[in-house]
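Data file: run18.cif. Format and content: mmCIF, C-alpha atoms.
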data_target
#
loop_
_atom_site.label_atom_id
_atom_site.label_comp_id
_atom_site.auth_asym_id
_atom_site.auth_seq_id
_atom_site.Cartn_x
_atom_site.Cartn_y
_atom_site.Cartn_z
CA MET A 186 -12.99 -5.93 -64.67
CA TYR A 187 -10.82 -6.08 -61.57
CA PRO A 188 -8.06 -8.39 -62.84
CA ALA A 189 -7.64 -6.12 -65.85
CA VAL A 190 -7.46 -3.03 -63.63
CA ALA A 191 -4.89 -4.74 -61.41
CA ALA A 192 -2.78 -5.81 -64.37
CA ASP A 193 -2.73 -2.24 -65.72
CA LEU A 194 -1.73 -0.86 -62.34
CA ILE A 195 1.07 -3.39 -61.90
CA GLN A 196 2.39 -2.69 -65.39
CA GLU A 197 2.34 1.04 -64.74
CA ASN A 198 3.98 0.75 -61.34
CA PRO A 199 5.48 -2.66 -60.45
CA GLU A 200 6.57 -1.28 -57.08
CA ALA A 201 2.94 -1.20 -56.02
CA GLN A 202 2.52 -4.96 -56.42
CA GLY A 203 4.81 -6.04 -53.60
CA ARG A 204 3.33 -3.48 -51.24
CA ALA A 205 -0.23 -4.51 -52.09
CA VAL A 206 0.53 -8.19 -51.51
CA ARG A 207 2.15 -7.47 -48.14
CA LEU A 208 -0.73 -5.28 -46.98
CA ALA A 209 -3.28 -7.91 -48.02
CA ASP A 210 -1.30 -10.59 -46.20
CA LEU A 211 -1.29 -8.47 -43.02
CA ALA A 212 -5.03 -7.90 -43.27
CA ILE A 213 -5.73 -11.63 -43.63
CA ARG A 214 -3.32 -12.42 -40.81
CA ALA A 215 -5.20 -9.95 -38.59
CA LEU A 216 -8.55 -11.58 -39.40
CA ILE A 217 -7.27 -15.10 -38.78
CA GLU A 218 -5.42 -14.29 -35.56
CA GLU A 219 -8.44 -12.41 -34.23
CA ALA A 220 -10.60 -15.46 -34.94
CA GLU A 221 -8.08 -17.81 -33.29
CA LEU A 222 -7.75 -15.71 -30.12
CA THR A 223 -9.13 -17.75 -27.21
CA PRO A 224 -11.13 -17.39 -24.98
CA LYS A 225 -13.21 -14.56 -26.45
CA PRO A 226 -16.58 -14.02 -24.73
CA GLY A 227 -19.47 -14.83 -27.04
CA LEU A 228 -17.28 -15.01 -30.14
CA VAL A 229 -16.02 -17.76 -32.42
CA ASP A 230 -12.67 -19.04 -31.18
CA GLN A 231 -10.75 -22.29 -30.84
CA ARG A 232 -13.33 -23.63 -28.37
CA GLY A 233 -16.32 -23.34 -30.69
CA PRO A 234 -18.84 -20.99 -32.36
CA GLY A 235 -19.73 -18.87 -29.34
CA ALA A 236 -23.18 -17.37 -29.84
CA HIS A 237 -23.12 -18.10 -33.59
CA ALA A 238 -24.64 -21.46 -34.51
CA ASP A 239 -23.90 -20.86 -38.21
CA LEU A 240 -20.19 -20.09 -37.74
CA SER A 241 -17.00 -22.01 -37.01
CA LEU A 242 -13.32 -21.19 -36.78
CA LYS A 243 -12.73 -23.13 -39.99
CA LEU A 244 -15.38 -21.10 -41.80
CA MET A 245 -13.98 -17.80 -40.48
CA LYS A 246 -10.50 -18.66 -41.72
CA HIS A 247 -11.81 -19.82 -45.10
CA SER A 248 -13.77 -16.59 -45.46
CA ALA A 249 -10.74 -14.48 -44.52
CA ARG A 250 -8.53 -16.11 -47.13
CA ALA A 251 -11.14 -15.49 -49.82
CA LEU A 252 -10.74 -11.75 -49.19
CA ARG A 253 -6.99 -11.59 -49.91
CA PRO A 254 -7.20 -10.57 -53.62
CA HIS A 255 -9.75 -7.88 -52.81
CA PHE A 256 -7.58 -6.29 -50.12
CA ALA A 257 -4.63 -6.44 -52.51
CA LEU A 258 -6.62 -4.65 -55.19
CA MET A 259 -7.72 -1.99 -52.67
CA ALA A 260 -4.05 -1.38 -51.92
CA LEU A 261 -3.16 -1.27 -55.62
CA VAL A 262 -5.71 1.40 -56.52
CA SER A 263 -4.71 3.40 -53.41
CA PHE A 264 -0.95 3.29 -53.96
CA ARG A 265 0.49 6.73 -53.10
CA GLN A 266 -2.87 8.40 -53.57
CA ILE A 267 -4.69 10.83 -51.32
CA PRO A 268 -8.33 10.42 -50.27
CA ASN A 269 -10.55 11.47 -53.16
CA GLN A 270 -13.98 10.81 -54.61
CA THR A 271 -12.83 8.55 -57.43
CA LEU A 272 -10.83 6.36 -55.07
CA ARG A 273 -13.76 6.14 -52.65
CA GLU A 274 -16.00 4.84 -55.41
CA GLN A 275 -13.35 2.35 -56.56
CA LEU A 276 -13.02 1.05 -53.01
CA GLY A 277 -16.79 0.76 -52.72
CA ALA A 278 -16.95 -1.37 -55.86
CA ILE A 279 -14.10 -3.60 -54.69
CA GLY A 280 -15.72 -3.91 -51.27
CA ARG A 281 -18.97 -5.11 -52.79
CA SER A 282 -17.01 -7.62 -54.85
CA ALA A 283 -15.32 -8.77 -51.64
CA GLU A 284 -18.70 -9.26 -49.99
CA ARG A 285 -19.85 -11.42 -52.90
CA SER A 286 -16.70 -13.55 -52.60
CA MET A 287 -17.29 -13.86 -48.87
CA LEU A 288 -20.87 -15.04 -49.32
CA LEU A 289 -19.81 -17.47 -52.03
CA ALA A 290 -17.09 -18.91 -49.78
CA THR A 291 -19.44 -19.25 -46.80
CA ASN A 292 -22.58 -20.37 -48.63
CA GLY A 293 -24.36 -17.16 -47.73
CA VAL A 294 -23.18 -16.61 -44.15
CA ASN A 295 -22.07 -13.10 -43.19
CA THR A 296 -18.68 -13.67 -41.60
CA HIS A 297 -16.73 -10.49 -42.38
CA ARG A 298 -18.92 -7.70 -43.75
CA GLY A 299 -17.90 -5.30 -40.98
CA ALA A 300 -14.26 -6.30 -41.27
CA ILE A 301 -14.25 -5.69 -45.03
CA TRP A 302 -15.38 -2.13 -44.34
CA ALA A 303 -12.88 -1.41 -41.55
CA LEU A 304 -9.84 -3.22 -42.90
CA GLY A 305 -10.51 -2.13 -46.46
CA LEU A 306 -10.29 1.51 -45.43
CA LEU A 307 -7.15 0.91 -43.39
CA VAL A 308 -5.47 -1.10 -46.14
CA SER A 309 -6.20 1.72 -48.56
CA ALA A 310 -4.78 4.31 -46.16
CA ALA A 311 -1.69 2.19 -45.54
CA ALA A 312 -1.03 2.04 -49.29
CA MET A 313 -0.98 5.84 -49.42
CA GLU A 314 1.66 6.41 -46.77
CA VAL A 315 3.12 4.24 -44.02
CA ASN A 316 3.16 6.40 -40.94
CA SER A 317 1.76 6.40 -37.41
CA PRO A 318 -1.45 4.48 -36.68
CA GLU A 319 -3.15 7.80 -35.99
CA VAL A 320 -2.26 9.13 -39.44
CA LEU A 321 -3.48 5.95 -41.12
CA ALA A 322 -6.73 6.05 -39.17
CA GLU A 323 -7.22 9.72 -40.05
CA ARG A 324 -6.74 8.97 -43.76
CA ALA A 325 -9.20 6.08 -43.49
CA GLY A 326 -11.66 8.41 -41.82
CA GLN A 327 -11.35 10.90 -44.67
CA LEU A 328 -12.15 8.14 -47.15
CA ALA A 329 -15.11 6.91 -45.09
CA SER A 330 -16.53 10.44 -44.99
CA LEU A 331 -16.73 10.63 -48.78
CA PRO A 332 -20.00 9.45 -50.37
CA ASP A 333 -20.10 6.39 -52.60
CA TRP A 334 -22.44 7.58 -55.34
CA ASN A 335 -22.36 4.20 -57.09
CA ALA A 336 -23.53 2.19 -54.08
CA PRO A 337 -26.90 0.49 -54.69
CA GLU A 338 -29.78 1.51 -52.49
CA GLN A 339 -29.50 -0.60 -49.37
CA GLN A 340 -32.38 -2.45 -47.80
CA LEU A 341 -32.79 -2.02 -44.06
CA SER A 342 -30.20 -4.19 -42.32
CA ASN A 343 -29.94 -5.32 -38.71
CA GLY A 344 -27.20 -2.78 -38.18
CA SER A 345 -29.14 0.13 -39.69
CA ARG A 346 -32.19 -0.72 -37.58
CA VAL A 347 -30.08 -0.73 -34.43
CA ILE A 348 -28.44 2.58 -35.38
CA ALA A 349 -31.83 4.21 -35.93
CA ARG A 350 -33.40 2.75 -32.79
CA TYR A 351 -30.59 3.57 -30.36
CA LYS A 352 -29.32 6.69 -32.17
CA ILE A 353 -25.71 5.55 -32.34
CA SER A 354 -23.09 6.04 -35.04
CA GLY A 355 -22.33 2.39 -35.83
CA ALA A 356 -19.44 1.13 -37.95
CA ARG A 357 -19.72 3.99 -40.43
CA GLY A 358 -19.48 6.60 -37.71
CA GLU A 359 -16.53 4.83 -36.10
CA ALA A 360 -14.67 4.87 -39.41
CA GLN A 361 -15.55 8.48 -40.21
CA ALA A 362 -14.22 9.52 -36.79
CA GLY A 363 -10.87 7.89 -37.58
CA PHE A 364 -11.38 4.64 -35.63
CA PRO A 365 -11.05 6.07 -32.10
CA HIS A 366 -11.75 2.68 -30.49
CA VAL A 367 -8.69 1.35 -32.33
CA THR A 368 -6.25 4.21 -31.82
CA ALA A 369 -7.37 5.37 -28.36
CA ALA A 370 -8.52 2.08 -26.81
CA GLY A 371 -7.38 -1.11 -28.54
CA LEU A 372 -3.80 -0.20 -29.43
CA PRO A 373 -2.89 1.60 -26.18
CA ARG A 374 -4.19 -1.28 -24.09
CA LEU A 375 -2.41 -3.84 -26.29
CA TYR A 376 0.90 -2.03 -25.77
CA ARG A 377 0.30 -1.47 -22.05
CA SER A 378 -0.47 -5.12 -21.38
CA ARG A 379 2.66 -6.20 -23.25
CA GLN A 380 4.78 -3.72 -21.31
CA GLN A 381 3.37 -5.08 -18.05
CA GLY A 382 4.52 -8.57 -18.94
CA GLY A 383 1.31 -10.08 -20.23
CA SER A 384 1.39 -12.85 -22.78
CA GLU A 385 0.36 -12.02 -26.34
CA THR A 386 -2.97 -13.77 -25.75
CA GLU A 387 -3.59 -11.72 -22.60
CA ALA A 388 -2.57 -8.48 -24.31
CA ARG A 389 -4.94 -9.10 -27.20
CA LEU A 390 -7.80 -10.07 -24.90
CA ASP A 391 -7.21 -6.87 -22.92
CA ALA A 392 -7.30 -4.90 -26.17
CA LEU A 393 -10.64 -6.51 -27.05
CA LEU A 394 -12.00 -5.62 -23.61
CA ALA A 395 -10.78 -2.03 -23.92
CA ILE A 396 -12.77 -1.73 -27.13
CA MET A 397 -15.83 -3.42 -25.62
CA ARG A 398 -15.77 -1.16 -22.57
CA SER A 399 -17.07 1.88 -24.48
CA LEU A 400 -18.13 0.73 -27.96
CA ASN A 401 -21.86 0.79 -28.71
CA ASP A 402 -21.56 -2.59 -30.35
CA THR A 403 -24.39 -3.02 -32.84
CA CYS A 404 -24.09 -6.81 -32.73
CA LEU A 405 -24.79 -6.84 -29.00
CA LEU A 406 -27.62 -4.36 -29.37
CA HIS A 407 -29.22 -6.29 -32.22
CA ARG A 408 -29.29 -9.61 -30.43
CA GLY A 409 -29.69 -8.56 -26.81
CA GLY A 410 -30.62 -4.89 -26.61
CA LEU A 411 -29.34 -2.53 -23.94
CA VAL A 412 -29.16 -5.33 -21.37
CA ALA A 413 -26.57 -7.16 -23.42
CA LEU A 414 -24.60 -4.00 -24.22
CA LYS A 415 -24.49 -2.79 -20.61
CA THR A 416 -23.61 -6.28 -19.35
CA ALA A 417 -20.66 -6.49 -21.70
CA GLN A 418 -19.46 -2.93 -21.11
CA ALA A 419 -19.64 -3.18 -17.32
CA ALA A 420 -17.87 -6.53 -17.23
CA ALA A 421 -15.13 -5.36 -19.60
CA ALA A 422 -14.55 -2.29 -17.42
CA ALA A 423 -14.41 -4.44 -14.28
CA ILE A 424 -11.87 -6.85 -15.82
CA LEU A 425 -9.59 -4.02 -16.88
CA ALA A 426 -9.97 -2.28 -13.49
CA SER A 427 -8.83 -5.50 -11.79
CA GLY A 428 -5.59 -5.42 -13.80
CA GLY A 429 -6.79 -7.18 -16.93
CA THR A 430 -6.59 -10.81 -17.92
CA THR A 431 -3.07 -11.16 -16.52
CA THR A 432 -4.52 -11.23 -12.99
CA ILE A 433 -6.34 -14.11 -11.34
CA GLN A 434 -9.28 -11.85 -10.57
CA GLY A 435 -9.41 -10.49 -14.11
CA TRP A 436 -9.27 -13.95 -15.64
CA GLY A 437 -12.09 -15.11 -13.39
CA LEU A 438 -14.21 -12.11 -14.38
CA LEU A 439 -13.52 -12.88 -18.06
CA ARG A 440 -14.87 -16.39 -17.55
CA GLY A 441 -17.92 -14.87 -15.90
CA LEU A 442 -18.49 -12.53 -18.83
CA ASP A 443 -18.17 -15.49 -21.18
CA ARG A 444 -20.92 -17.31 -19.27
CA ASP A 445 -23.14 -14.22 -19.14
CA LEU A 446 -22.93 -13.63 -22.89
CA ALA A 447 -23.59 -17.31 -23.52
CA THR A 448 -26.72 -17.09 -21.37
CA LEU A 449 -27.87 -14.04 -23.30
CA ASN A 450 -26.83 -15.70 -26.59
CA VAL A 451 -25.07 -12.54 -27.76
CA SER A 452 -21.73 -11.71 -29.32
CA PRO A 453 -19.62 -8.50 -29.48
CA GLY A 454 -19.00 -8.84 -33.21
CA GLY A 455 -18.38 -5.14 -33.78
CA SER A 456 -15.65 -5.19 -31.14
CA ALA A 457 -14.09 -8.21 -32.83
CA ASP A 458 -13.91 -6.32 -36.15
CA LEU A 459 -12.13 -3.44 -34.42
CA LEU A 460 -9.75 -5.86 -32.71
CA ALA A 461 -8.79 -7.16 -36.16
CA ALA A 462 -8.21 -3.55 -37.20
CA THR A 463 -6.08 -3.05 -34.08
CA LEU A 464 -3.97 -6.09 -34.93
CA PHE A 465 -3.55 -4.91 -38.52
CA LEU A 466 -2.16 -1.56 -37.41
CA ASP A 467 0.03 -3.29 -34.85
CA PHE A 468 1.46 -5.65 -37.49
CA LEU A 469 1.95 -2.72 -39.83
CA THR A 470 3.88 -0.55 -37.39
CA ASN A 471 5.60 -3.08 -35.14
CA GLY A 472 5.82 -6.38 -37.04
CA PRO A 473 8.67 -7.75 -39.14
CA SER A 474 7.04 -6.37 -42.30
CA ALA A 475 7.01 -2.79 -41.04
CA GLN A 476 10.55 -1.94 -42.17
CA ASN A 477 10.04 -3.34 -45.65
CA LEU A 478 6.77 -1.48 -46.06
CA SER A 479 8.25 1.82 -44.91
CA MET A 480 10.97 1.54 -47.57
CA ASN A 481 8.47 1.42 -50.45
#

Before we go any further, please render this structure as structure tokens.
Amino acid sequence: MYPAVAADLIQENPEAQGRAVRLADLAIRALIEEAELTPKPGLVDQRGPGAHADLSLKLMKHSARALRPHFALMALVSFRQIPNQTLREQLGAIGRSAERSMLLATNGVNTHRGAIWALGLLVSAAAMEVNSPEVLAERAGQLASLPDWNAPEQQLSNGSRVIARYKISGARGEAQAGFPHVTAAGLPRLYRSRQQGGSETEARLDALLAIMRSLNDTCLLHRGGLVALKTAQAAAAAILASGGTTTIQGWGLLRGLDRDLATLNVSPGGSADLLAATLFLDFLTNGPSAQNLSMN
């Protein structure tokens, strides 16, 4: 079904193809560079699997690459559209196809379900109109707020149980609100740390911590409850208050947080998904591809 749809769209509008490929490439780059960022407390990075015995950096990168055609198709069907019900249902179908490809590539391990949701919405919004990150996030939020009438009835997941127990909004609520932890936390801190002379690694770690500081991360809550969430949030706030990872004190506190999350055997996976979304919007608006995309 999907290759035929893509072929029709390309034939109707060849201009959409180049844009879709570039957006998919940026999404995969964001996933891979988020995974490679080191040291991330509790998360898979170049040192090892963090709190995830079933994951590895190699597996995360393999999973990310398997998603490229699905992100490209999301961009194709969204090309110069506006958020609407038909598009939302198309994106839902492509997203479920992406999840199946992910599980096939990882032999059943959930590596990127949350990232497919977040980046899929942002890729779609970026295909509509290249503009400020806030505009893209708002468009993505409009899409996320539309129902997907074709979605199969979902069994209770770890995330849905956590959302019900702790009465939080979760990934769906974050998207419907226009990704505030990306636009008001991750991106501003990324830019601030760069402006203050931090390395790219330090700036991205600071962006992750800015997201962690206030996000009700369902991954932390699922595996470690409120103790894990409050531990991570308080430590992230302390690191940023000390000047971030560019300072000796901040770097030492980051190492301490890494040890604490290892002891609790928990991982801020929701924050990692939003860091990937932050990097995607950064690449889109500030990277070498930004000018080419804005001309289409």

So what do you get for atom CA of A:Ala205 versus atom CA of A:Gly280, distance-wise?
15.5 Å

Counting all atoms listed in the file, find the residues whose atoms lie at most 9 Å from (-3.9, -4.1, -18.6) (file coordinates) and write them out as a compact mmCIF listing (two decimals) with C-alpha atoms, in the coordinates of the input.
# COMPACT_ATOMS: atom_id res chain seq x y z
CA ARG A 374 -4.19 -1.28 -24.09
CA LEU A 375 -2.41 -3.84 -26.29
CA TYR A 376 0.90 -2.03 -25.77
CA ARG A 377 0.30 -1.47 -22.05
CA SER A 378 -0.47 -5.12 -21.38
CA ARG A 379 2.66 -6.20 -23.25
CA GLN A 381 3.37 -5.08 -18.05
CA GLY A 383 1.31 -10.08 -20.23
CA GLU A 387 -3.59 -11.72 -22.60
CA ALA A 388 -2.57 -8.48 -24.31
CA ASP A 391 -7.21 -6.87 -22.92
CA ALA A 392 -7.30 -4.90 -26.17
CA ALA A 395 -10.78 -2.03 -23.92
CA ILE A 424 -11.87 -6.85 -15.82
CA LEU A 425 -9.59 -4.02 -16.88
CA ALA A 426 -9.97 -2.28 -13.49
CA SER A 427 -8.83 -5.50 -11.79
CA GLY A 428 -5.59 -5.42 -13.80
CA GLY A 429 -6.79 -7.18 -16.93
CA THR A 430 -6.59 -10.81 -17.92
CA THR A 431 -3.07 -11.16 -16.52

Find the residues around A:Gly344 up to 10 Å (only C-alpha atoms counted), leave out those fewer than 5 positions away in its own chain, and share them as number ranges by chain.
A: 349-350, 355-356, 402-404, 406-407

Any chance you can output those residues with C-alpha atoms as a compact mmCIF listing (two decimals), in the coordinates of the input?
# COMPACT_ATOMS: atom_id res chain seq x y z
CA ALA A 349 -31.83 4.21 -35.93
CA ARG A 350 -33.40 2.75 -32.79
CA GLY A 355 -22.33 2.39 -35.83
CA ALA A 356 -19.44 1.13 -37.95
CA ASP A 402 -21.56 -2.59 -30.35
CA THR A 403 -24.39 -3.02 -32.84
CA CYS A 404 -24.09 -6.81 -32.73
CA LEU A 406 -27.62 -4.36 -29.37
CA HIS A 407 -29.22 -6.29 -32.22

Can you tell me which residues surround A:Gly277 at a distance of at most 9 Å, considering only C-alpha atoms, apart from same-chain residues fewer than 5 positions away, and format the answer as a ChimeraX atom specification?
/A:272,282,302,333,335-336

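Of the listed residues (A:Ala251, A:Leu393, A:Leu261, A:Leu244), A:Leu261 comes nearest to A:Arg204; the distances count only C-alpha atoms.
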
Excluding A:Leu211 and any residue of its chain fewer than 2 positions from it, enumerate the residues within 9 Å of it, using all atoms listed in the file, and give them as JSON, numbers by chain.
{"A": [206, 207, 208, 209, 213, 214, 215, 216, 464, 465, 466, 468, 469, 474]}

Hey, can you pull every residue with an atom no more than 9 Å from (-11.5, -15.9, -47.6), using only C-alpha atoms, and send it as a PyMOL selection string?
chain A and resi 213+244-253+286-287+290-291

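Here the question is which of A:Ile348, A:Ala201, A:Leu306, A:Leu390 gets nearest to A:Arg273 using only C-alpha atoms, and that residue is A:Leu306.
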
So that all listed atoms of stretch 388-391 of chain A fit with 5 Å spare on each side, what axis-aligned box centre and edge lengths in Å, to one decimal, would you give as AutoDock Vina command-line options?
--center_x -5.2 --center_y -8.5 --center_z -25.1 --size_x 15.2 --size_y 13.2 --size_z 14.3

Determine the residue membership of the PyMOL selection byres ((chain A and resi 242) around 9) for the file above and supply it as a PyMOL selection string.
chain A and resi 217+220-221+229-234+240-241+243-247

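Among the candidates A:Met397, A:Ala325, A:Leu438, A:Leu459, the one nearest to A:Leu307 when counting all atoms listed in the file is A:Ala325.
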
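One distance worth recording is that between atom CA of A:Val412 and atom CA of A:Val367, which is 24.2 Å.
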
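Of the residues under consideration (A:Leu394, A:Ala278, A:Ala370, A:Val451), A:Val451 shows the shortest atom-to-atom contact distance to A:Gly410 when counting all atoms listed in the file.
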
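Separating atom CA of A:Asn343 from atom CA of A:Lys415 is a distance of 19.1 Å.
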
Find the residue from A:Glu323, A:Glu359, A:Asp443, A:Glu200 that sits nearest to A:Ala260; use all atoms listed in the file when measuring.
A:Glu200

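Proximity of A:Gln327, A:Thr386, A:Thr470, A:Thr223 to A:Phe364, computed with only C-alpha atoms, is greatest for A:Gln327.
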
Since the input is missing atoms for stretch 424-443 of chain A, could you rebuild it with N, CA and C atoms and give the result as an mmCIF file, in the frame of the given file?
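Contents of the output file selection.cif:
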data_model
loop_
_atom_site.group_PDB
_atom_site.id
_atom_site.type_symbol
_atom_site.label_atom_id
_atom_site.label_comp_id
_atom_site.auth_asym_id
_atom_site.auth_seq_id
_atom_site.Cartn_x
_atom_site.Cartn_y
_atom_site.Cartn_z
ATOM 1 N N ILE A 424 -13.058 -6.016 -15.554
ATOM 2 C CA ILE A 424 -11.870 -6.850 -15.820
ATOM 3 C C ILE A 424 -10.629 -5.980 -15.941
ATOM 4 N N LEU A 425 -10.739 -4.901 -16.701
ATOM 5 C CA LEU A 425 -9.590 -4.020 -16.880
ATOM 6 C C LEU A 425 -9.229 -3.313 -15.573
ATOM 7 N N ALA A 426 -10.238 -2.932 -14.775
ATOM 8 C CA ALA A 426 -9.970 -2.280 -13.490
ATOM 9 C C ALA A 426 -9.270 -3.215 -12.518
ATOM 10 N N SER A 427 -9.472 -4.514 -12.671
ATOM 11 C CA SER A 427 -8.830 -5.500 -11.790
ATOM 12 C C SER A 427 -7.391 -5.796 -12.205
ATOM 13 N N GLY A 428 -6.944 -5.176 -13.295
ATOM 14 C CA GLY A 428 -5.590 -5.420 -13.800
ATOM 15 C C GLY A 428 -5.556 -6.170 -15.108
ATOM 16 N N GLY A 429 -6.736 -6.490 -15.647
ATOM 17 C CA GLY A 429 -6.790 -7.180 -16.930
ATOM 18 C C GLY A 429 -6.701 -8.682 -16.788
ATOM 19 N N THR A 430 -6.563 -9.348 -17.910
ATOM 20 C CA THR A 430 -6.590 -10.810 -17.920
ATOM 21 C C THR A 430 -5.310 -11.436 -17.388
ATOM 22 N N THR A 431 -4.297 -10.610 -17.101
ATOM 23 C CA THR A 431 -3.070 -11.160 -16.520
ATOM 24 C C THR A 431 -3.236 -11.496 -15.041
ATOM 25 N N THR A 432 -4.293 -10.976 -14.416
ATOM 26 C CA THR A 432 -4.520 -11.230 -12.990
ATOM 27 C C THR A 432 -5.505 -12.376 -12.795
ATOM 28 N N ILE A 433 -5.410 -13.012 -11.665
ATOM 29 C CA ILE A 433 -6.340 -14.110 -11.340
ATOM 30 C C ILE A 433 -7.765 -13.588 -11.296
ATOM 31 N N GLN A 434 -7.942 -12.420 -10.652
ATOM 32 C CA GLN A 434 -9.280 -11.850 -10.570
ATOM 33 C C GLN A 434 -9.817 -11.497 -11.950
ATOM 34 N N GLY A 435 -8.983 -10.879 -12.769
ATOM 35 C CA GLY A 435 -9.410 -10.490 -14.110
ATOM 36 C C GLY A 435 -9.778 -11.691 -14.958
ATOM 37 N N TRP A 436 -8.979 -12.751 -14.857
ATOM 38 C CA TRP A 436 -9.270 -13.950 -15.640
ATOM 39 C C TRP A 436 -10.591 -14.574 -15.190
ATOM 40 N N GLY A 437 -10.828 -14.581 -13.892
ATOM 41 C CA GLY A 437 -12.090 -15.110 -13.390
ATOM 42 C C GLY A 437 -13.282 -14.295 -13.870
ATOM 43 N N LEU A 438 -13.133 -12.965 -13.888
ATOM 44 C CA LEU A 438 -14.210 -12.110 -14.380
ATOM 45 C C LEU A 438 -14.441 -12.311 -15.876
ATOM 46 N N LEU A 439 -13.362 -12.581 -16.631
ATOM 47 C CA LEU A 439 -13.520 -12.880 -18.060
ATOM 48 C C LEU A 439 -14.350 -14.137 -18.256
ATOM 49 N N ARG A 440 -14.071 -15.150 -17.462
ATOM 50 C CA ARG A 440 -14.870 -16.390 -17.550
ATOM 51 C C ARG A 440 -16.327 -16.108 -17.229
ATOM 52 N N GLY A 441 -16.549 -15.228 -16.235
ATOM 53 C CA GLY A 441 -17.920 -14.870 -15.900
ATOM 54 C C GLY A 441 -18.619 -14.148 -17.024
ATOM 55 N N LEU A 442 -17.918 -13.234 -17.685
ATOM 56 C CA LEU A 442 -18.490 -12.530 -18.830
ATOM 57 C C LEU A 442 -18.810 -13.518 -19.948
ATOM 58 N N ASP A 443 -17.936 -14.476 -20.158
ATOM 59 C CA ASP A 443 -18.170 -15.490 -21.180
ATOM 60 C C ASP A 443 -19.475 -16.239 -20.891
#
